[in-house]
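Coordinates as given in structure24.csv (CSV, N, CA and C atoms):
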```csv
chain,number,residue,atom,x,y,z
A,11,MET,N,3.7,13.1,17.0
A,11,MET,CA,3.4,12.4,15.8
A,11,MET,C,2.5,13.3,15.0
A,12,ALA,N,2.9,13.5,13.7
A,12,ALA,CA,2.1,14.4,12.8
A,12,ALA,C,0.8,13.7,12.4
A,13,GLU,N,-0.2,14.5,12.2
A,13,GLU,CA,-1.5,14.0,11.8
A,13,GLU,C,-1.5,13.7,10.3
A,14,LEU,N,-2.2,12.7,9.9
A,14,LEU,CA,-2.3,12.4,8.5
A,14,LEU,C,-3.4,13.2,7.8
A,15,ILE,N,-4.5,13.4,8.5
A,15,ILE,CA,-5.6,14.1,7.9
A,15,ILE,C,-6.0,15.3,8.8
A,16,ASP,N,-6.2,16.5,8.2
A,16,ASP,CA,-6.6,17.7,8.9
A,16,ASP,C,-8.0,18.0,8.4
A,17,ILE,N,-9.0,18.0,9.2
A,17,ILE,CA,-10.4,18.4,8.8
A,17,ILE,C,-10.5,19.9,8.9
A,18,ARG,N,-10.6,20.5,7.8
A,18,ARG,CA,-10.6,22.0,7.7
A,18,ARG,C,-12.0,22.6,8.0
A,19,ARG,N,-13.0,21.9,7.3
A,19,ARG,CA,-14.4,22.5,7.4
A,19,ARG,C,-15.3,21.4,7.0
A,20,VAL,N,-16.5,21.4,7.7
A,20,VAL,CA,-17.5,20.4,7.4
A,20,VAL,C,-18.8,21.2,7.2
A,21,GLN,N,-19.5,20.9,6.1
A,21,GLN,CA,-20.8,21.4,5.8
A,21,GLN,C,-21.8,20.3,5.8
A,22,ILE,N,-22.9,20.4,6.6
A,22,ILE,CA,-23.9,19.4,6.6
A,22,ILE,C,-25.3,20.0,6.1
A,23,GLY,N,-25.8,19.3,5.1
A,23,GLY,CA,-27.1,19.7,4.6
A,23,GLY,C,-28.1,18.6,4.8
A,24,PRO,N,-29.3,18.8,4.4
A,24,PRO,CA,-30.4,17.8,4.6
A,24,PRO,C,-30.1,16.5,4.0
A,25,LYS,N,-29.3,16.4,2.9
A,25,LYS,CA,-29.0,15.1,2.3
A,25,LYS,C,-27.6,14.9,2.0
A,26,THR,N,-26.7,15.9,2.3
A,26,THR,CA,-25.3,15.7,2.0
A,26,THR,C,-24.4,16.2,3.1
A,27,MET,N,-23.2,15.8,3.1
A,27,MET,CA,-22.2,16.2,4.0
A,27,MET,C,-20.9,16.5,3.1
A,28,ILE,N,-20.4,17.6,3.3
A,28,ILE,CA,-19.1,18.0,2.5
A,28,ILE,C,-18.1,18.3,3.5
A,29,ALA,N,-16.9,17.6,3.4
A,29,ALA,CA,-15.8,17.8,4.3
A,29,ALA,C,-14.6,18.3,3.5
A,30,HIS,N,-14.0,19.4,3.9
A,30,HIS,CA,-12.8,19.9,3.3
A,30,HIS,C,-11.7,19.4,4.2
A,31,VAL,N,-10.8,18.6,3.6
A,31,VAL,CA,-9.7,18.0,4.4
A,31,VAL,C,-8.4,18.2,3.6
A,32,SER,N,-7.3,18.2,4.4
A,32,SER,CA,-6.0,18.2,3.7
A,32,SER,C,-5.2,17.0,4.3
A,33,LEU,N,-4.4,16.4,3.5
A,33,LEU,CA,-3.6,15.3,3.9
A,33,LEU,C,-2.2,15.7,4.1
A,34,ALA,N,-1.5,15.1,5.0
A,34,ALA,CA,-0.1,15.4,5.3
A,34,ALA,C,0.7,15.1,4.0
A,35,GLU,N,1.8,15.8,3.8
A,35,GLU,CA,2.6,15.6,2.6
A,35,GLU,C,3.1,14.2,2.4
A,36,ASP,N,3.3,13.5,3.5
A,36,ASP,CA,3.8,12.1,3.4
A,36,ASP,C,2.7,11.1,3.5
A,37,ALA,N,1.5,11.5,3.5
A,37,ALA,CA,0.3,10.6,3.6
A,37,ALA,C,0.2,9.8,2.2
A,38,PRO,N,-0.2,8.6,2.3
A,38,PRO,CA,-0.5,7.8,1.0
A,38,PRO,C,-1.7,8.5,0.3
A,39,LEU,N,-1.6,8.5,-1.0
A,39,LEU,CA,-2.7,9.0,-1.8
A,39,LEU,C,-3.7,7.9,-2.3
A,40,MET,N,-3.1,6.7,-2.4
A,40,MET,CA,-3.9,5.6,-2.9
A,40,MET,C,-3.9,4.5,-1.8
A,41,THR,N,-5.0,3.8,-1.7
A,41,THR,CA,-5.2,2.7,-0.8
A,41,THR,C,-4.1,1.6,-1.0
A,42,SER,N,-3.7,1.4,-2.2
A,42,SER,CA,-2.6,0.4,-2.5
A,42,SER,C,-1.3,0.8,-2.0
A,43,GLU,N,-1.1,2.1,-1.6
A,43,GLU,CA,0.2,2.5,-1.0
A,43,GLU,C,0.2,2.2,0.5
A,44,ASP,N,-0.9,1.8,1.1
A,44,ASP,CA,-0.9,1.5,2.5
A,44,ASP,C,-1.9,0.4,2.8
A,45,ILE,N,-1.6,-0.8,2.3
A,45,ILE,CA,-2.5,-2.0,2.5
A,45,ILE,C,-2.9,-2.2,3.9
A,46,GLU,N,-1.9,-2.1,4.8
A,46,GLU,CA,-2.2,-2.3,6.2
A,46,GLU,C,-3.2,-1.3,6.8
A,47,GLY,N,-3.0,-0.1,6.4
A,47,GLY,CA,-4.0,1.0,6.8
A,47,GLY,C,-5.4,0.7,6.3
A,48,THR,N,-5.4,0.3,5.0
A,48,THR,CA,-6.7,0.0,4.4
A,48,THR,C,-7.4,-1.1,5.1
A,49,ALA,N,-6.6,-2.1,5.4
A,49,ALA,CA,-7.2,-3.3,6.2
A,49,ALA,C,-7.7,-2.9,7.5
A,50,ARG,N,-7.0,-1.9,8.2
A,50,ARG,CA,-7.5,-1.4,9.5
A,50,ARG,C,-8.8,-0.7,9.4
A,51,VAL,N,-8.9,0.1,8.3
A,51,VAL,CA,-10.2,0.8,8.1
A,51,VAL,C,-11.3,-0.2,7.9
A,52,TYR,N,-11.1,-1.2,7.1
A,52,TYR,CA,-12.1,-2.3,6.9
A,52,TYR,C,-12.4,-3.0,8.2
A,53,GLN,N,-11.4,-3.3,9.0
A,53,GLN,CA,-11.7,-4.0,10.3
A,53,GLN,C,-12.6,-3.2,11.2
A,54,VAL,N,-12.4,-1.9,11.2
A,54,VAL,CA,-13.1,-1.0,12.1
A,54,VAL,C,-14.5,-0.7,11.5
A,55,MET,N,-14.6,-0.6,10.2
A,55,MET,CA,-15.9,-0.3,9.5
A,55,MET,C,-16.1,-1.3,8.4
A,56,PRO,N,-16.5,-2.5,8.6
A,56,PRO,CA,-16.6,-3.5,7.6
A,56,PRO,C,-17.8,-3.1,6.6
A,57,HIS,N,-18.7,-2.3,7.0
A,57,HIS,CA,-19.8,-1.9,6.2
A,57,HIS,C,-19.3,-1.0,5.0
A,58,ILE,N,-18.1,-0.5,5.1
A,58,ILE,CA,-17.6,0.4,4.0
A,58,ILE,C,-17.5,-0.4,2.7
A,59,ALA,N,-17.3,-1.7,2.8
A,59,ALA,CA,-17.2,-2.5,1.6
A,59,ALA,C,-18.5,-2.5,0.7
A,60,GLU,N,-19.6,-2.3,1.4
A,60,GLU,CA,-20.9,-2.4,0.7
A,60,GLU,C,-21.4,-1.0,0.2
A,61,HIS,N,-20.6,0.0,0.5
A,61,HIS,CA,-20.9,1.4,0.0
A,61,HIS,C,-21.0,1.4,-1.5
A,62,ALA,N,-22.0,2.1,-2.0
A,62,ALA,CA,-22.2,2.2,-3.5
A,62,ALA,C,-21.1,3.0,-4.0
A,63,CYS,N,-20.5,2.5,-5.1
A,63,CYS,CA,-19.3,3.2,-5.7
A,63,CYS,C,-19.4,3.1,-7.2
A,64,VAL,N,-19.7,4.3,-7.8
A,64,VAL,CA,-19.8,4.3,-9.3
A,64,VAL,C,-18.4,4.6,-9.9
A,65,GLY,N,-17.9,3.6,-10.6
A,65,GLY,CA,-16.6,3.7,-11.2
A,65,GLY,C,-16.4,2.6,-12.1
A,66,ASP,N,-15.1,2.5,-12.6
A,66,ASP,CA,-14.7,1.5,-13.6
A,66,ASP,C,-14.6,0.1,-13.0
A,67,LYS,N,-14.5,-0.1,-11.7
A,67,LYS,CA,-14.2,-1.4,-11.1
A,67,LYS,C,-15.4,-2.2,-10.6
A,68,GLY,N,-16.6,-1.5,-10.6
A,68,GLY,CA,-17.8,-2.2,-10.2
A,68,GLY,C,-18.8,-1.3,-9.5
A,69,THR,N,-19.7,-1.9,-8.8
A,69,THR,CA,-20.8,-1.1,-8.2
A,69,THR,C,-20.7,-0.9,-6.7
A,70,THR,N,-19.7,-1.6,-6.1
A,70,THR,CA,-19.5,-1.4,-4.6
A,70,THR,C,-18.0,-1.0,-4.3
A,71,PHE,N,-17.8,-0.4,-3.2
A,71,PHE,CA,-16.5,0.0,-2.8
A,71,PHE,C,-15.6,-1.2,-2.6
A,72,ARG,N,-16.2,-2.4,-2.3
A,72,ARG,CA,-15.4,-3.6,-2.1
A,72,ARG,C,-14.5,-3.9,-3.4
A,73,GLU,N,-15.1,-3.6,-4.5
A,73,GLU,CA,-14.4,-3.9,-5.8
A,73,GLU,C,-13.3,-2.9,-6.1
A,74,ALA,N,-13.3,-1.8,-5.5
A,74,ALA,CA,-12.3,-0.7,-5.7
A,74,ALA,C,-11.3,-0.5,-4.6
A,75,MET,N,-11.6,-1.0,-3.4
A,75,MET,CA,-10.9,-0.5,-2.2
A,75,MET,C,-9.4,-0.9,-2.2
A,76,GLY,N,-9.0,-1.9,-3.0
A,76,GLY,CA,-7.6,-2.3,-3.0
A,76,GLY,C,-6.7,-1.3,-3.7
A,77,ASP,N,-7.3,-0.5,-4.6
A,77,ASP,CA,-6.5,0.5,-5.3
A,77,ASP,C,-7.4,1.7,-5.7
A,78,THR,N,-7.6,2.5,-4.8
A,78,THR,CA,-8.4,3.7,-5.0
A,78,THR,C,-7.9,4.9,-4.2
A,79,GLU,N,-8.3,6.1,-4.5
A,79,GLU,CA,-7.9,7.3,-3.8
A,79,GLU,C,-8.3,7.2,-2.3
A,80,VAL,N,-7.3,7.6,-1.4
A,80,VAL,CA,-7.6,7.6,0.0
A,80,VAL,C,-8.8,8.6,0.3
A,81,ALA,N,-8.9,9.7,-0.4
A,81,ALA,CA,-10.0,10.6,-0.2
A,81,ALA,C,-11.3,9.9,-0.3
A,82,ARG,N,-11.4,8.9,-1.2
A,82,ARG,CA,-12.7,8.2,-1.4
A,82,ARG,C,-12.9,7.3,-0.1
A,83,THR,N,-11.9,6.8,0.4
A,83,THR,CA,-12.0,6.0,1.6
A,83,THR,C,-12.6,6.8,2.7
A,84,ARG,N,-12.0,8.0,2.9
A,84,ARG,CA,-12.5,8.9,4.0
A,84,ARG,C,-13.9,9.4,3.8
A,85,SER,N,-14.2,9.7,2.5
A,85,SER,CA,-15.6,10.1,2.3
A,85,SER,C,-16.6,9.0,2.5
A,86,SER,N,-16.2,7.8,2.1
A,86,SER,CA,-17.0,6.6,2.3
A,86,SER,C,-17.3,6.3,3.7
A,87,SER,N,-16.3,6.7,4.6
A,87,SER,CA,-16.5,6.3,6.0
A,87,SER,C,-17.3,7.4,6.7
A,88,THR,N,-17.6,8.5,6.1
A,88,THR,CA,-18.3,9.6,6.9
A,88,THR,C,-19.6,9.9,6.3
A,89,ALA,N,-19.9,9.7,5.1
A,89,ALA,CA,-21.2,10.0,4.5
A,89,ALA,C,-21.4,9.3,3.2
A,90,PRO,N,-22.7,9.0,2.8
A,90,PRO,CA,-22.9,8.4,1.5
A,90,PRO,C,-22.4,9.4,0.4
A,91,THR,N,-21.6,8.8,-0.5
A,91,THR,CA,-21.1,9.5,-1.6
A,91,THR,C,-21.0,8.6,-2.8
A,92,THR,N,-20.7,9.1,-4.0
A,92,THR,CA,-20.4,8.3,-5.1
A,92,THR,C,-18.9,8.4,-5.3
A,93,CYS,N,-18.2,7.2,-5.5
A,93,CYS,CA,-16.8,7.2,-5.7
A,93,CYS,C,-16.4,7.7,-7.0
```
Just give me the structure as structure tokens.
Amino acid sequence: MAELIDIRRVQIGPKTMIAHVSLAEDAPLMTSEDIEGTARVYQVMPHIAEHACVGDKGTTFREAMGDTEVARTRSSSTAPTTC
């Protein structure tokens, strides 16, 4: 089975974490393209919904997670970031 995400490099600083990743060519780019996968992420990490998310849809990731970039989902699950 091909991997969907390949973590290329991780940099950890005193207040930030930067991950360089690549997605498989057939991987969904938006959470709306894989609702089942998005639901699984939420079931495993329900706290992701309360993550601060600065964007057009609201102030928390809960308001955007139905239709946002998968990269935001991955960054939200690994380190505090702004969406």
For this session: Provide the CA of Ile15 in chain A to CA of Glu43 in chain A distance in Å, to one decimal place.
Result: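 Answer for the CA of Ile15 in chain A to CA of Glu43 in chain A separation: 15.7 Å.
Taking CA of Ile28 in chain A as the reference point, CA of Gly68 in chain A is found at 23.9 Å.
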Seminar exercise, completed: Min atom-atom distance to Thr41 in chain A from the set A:Val54, A:Ile22, A:Ala29, A:Val80, counting only C-alpha atoms, belongs to A:Val80
Seminar exercise, completed: With distances taken over all atoms listed in the file, the candidate from A:Val20, A:Ala34, A:Met27, A:Met40 nearest Gly76 in chain A is A:Met40
Problem set entry | Nearby residues (all atoms listed in the file) at most 6.5 Å from Ala59 in chain A, same-chain spacing under 3 positions excluded, as a VMD selection string | chain A and resid 55 to 56 62 70 to 73
For this session: Please measure the separation of CA of Met75 in chain A and CA of Pro24 in chain A, giving the value in Å to one decimal.
Result: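 So the answer is 27.6 Å.
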